[in-house]
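Each remark here refers to the structure printed beneath this line.
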Amino acid sequence: GREGKFVTSRQLRDRLMREMLKDVSLRVEEGESTDSFRVAGRGEMHISILIETMRREGYEFSVSTPKVLYKEIVGVNCEPIERLLIDVPEESMGAVMEKMGTRKGELVQVTPQGIRMRLEYLIPARGLLGYRNEFLTDTRGEGIMNSVFDSYQPFKGEITRRQSGSLVSFETGEAVGY
C-alpha cells in the first residue's frame, strides 16, 4: 500500500466505473463493506488484464480468489461448464488426465495426432481456475489448452483444492507434511 498513486476506495470506484463505460462485459457491484467491490467478467484472462492495467496505472488494491457465478435453472443450482481442448505430448497424457479427474472433468474424446494426443473434456469453469500453471508444469511447457463456454449443468460437487502442503507447528517450529 505504499507504491501506488491511487489508494483510496473512492479512486478505485471511479476507475472501475470508467472501465464499465467502455467494457460492456464487465460488472461492478459494491461489496459488503464500503471499501470492497465485486467485479465480474468473462473469465480469468479478462479480469487479470483489468487488474494488471490498473496496477500499471498506479492503483493499489488486493484481490480475493476468483469465484464462478452459479445460475438457478428450474429450481436446480447450475454451474458453467467449459468445453476444454488439450493438446499434449503422449508422455504427459497420464498426469493431465489425473488432474482433470480431480477437477471433475468428463473426458469426451481422445484423438491421436502423431506423437501428440488431443483430449476433449467437459469441465466446470471452477475446475479450471488456477490450473494453467499446473498444466504447463505437467507438460513441461509443451501442452496447449483452450476452453470455451459450453452450457450450464447441475452442480458437480466439491473440488478438492490442495492435495499436499505443509503445516508448521508453533510449539516446535518444525514442518509437518500432510
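Residue numbering restarts at 1 in every chain; chains get A, B, ... in the order shown in the C-alpha cells, and ligands count up from 1 in that same order.
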*Apply DSSP to the backbone of this structure and, from range 5-170 of chain A, keep only the residues in strand (DSSP E or B); write these as a ChimeraX atom specification.*
/A:6,27-30,37-40,59,71-73,76-89,106-113,116-124,144-154,166-168
Per-residue nearest contacts range 17-46 of chain A to range 123-133 of chain A, cut-off 12 Å, using only C-alpha atoms, as CSV:
```
residue,atom,partner,partner_atom,distance
A:Arg42,CA,A:Ala125,CA,11.1
A:Gly43,CA,A:Ala125,CA,8.8
A:Glu44,CA,A:Leu129,CA,7.3
A:Met45,CA,A:Leu129,CA,10.4
```
*Could you pull out all residues of chain A with a DSSP call of helix (DSSP H, G or I) and give them as a PyMOL selection string?*
chain A and resi 9-22+44-56+90-102+125-128+131-138
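Taking CA of Cys78 in chain A and CA of Met97 in chain A as the two end points, the separation is 24.2 Å.
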*asked:* Neighbouring residues of Met54 in chain A were defined as those with any atom within 12 Å, considering only C-alpha atoms; residues of the same chain fewer than 4 positions away were excluded. Please report them as a list in words.
replied: Gly4, Lys5, Phe6, Val7, Gln11, Leu12, Arg13, Asp14, Arg15, Leu16, Arg18, Glu19, Ile47, Ser48, Ile49, Leu50, Gly58, Tyr59, Glu60, Phe61 and Ser62 of chain A
*Using only C-alpha atoms, which residue out of A:Asn77, A:Thr65, A:Ser36, A:Ser9 lies closest to Tyr152 in chain A?*
A:Asn77
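Comparing the minimum interatomic distances between Thr160 in chain A and each of A:Met145, A:Arg103, A:Val88, A:Pro112, counting only C-alpha atoms, we find that A:Arg103 sits nearest.
Interatomic distance, CA of Val68 in chain A to CA of Met93 in chain A: 27.1 Å.
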*Could you please determine the separation between CA of Glu82 in chain A and CA of Gly105 in chain A in Å, to one decimal place?*
9.4 Å
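Across A:Ile73, A:Phe135, A:Thr53, A:Phe149, the tightest approach to Met100 in chain A is made by A:Phe135 when counting only C-alpha atoms.
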*Residue nearest Pro154 in chain A among A:Leu84, A:Ile115, A:Val110, A:Val76 (counting only C-alpha atoms)*: A:Val76
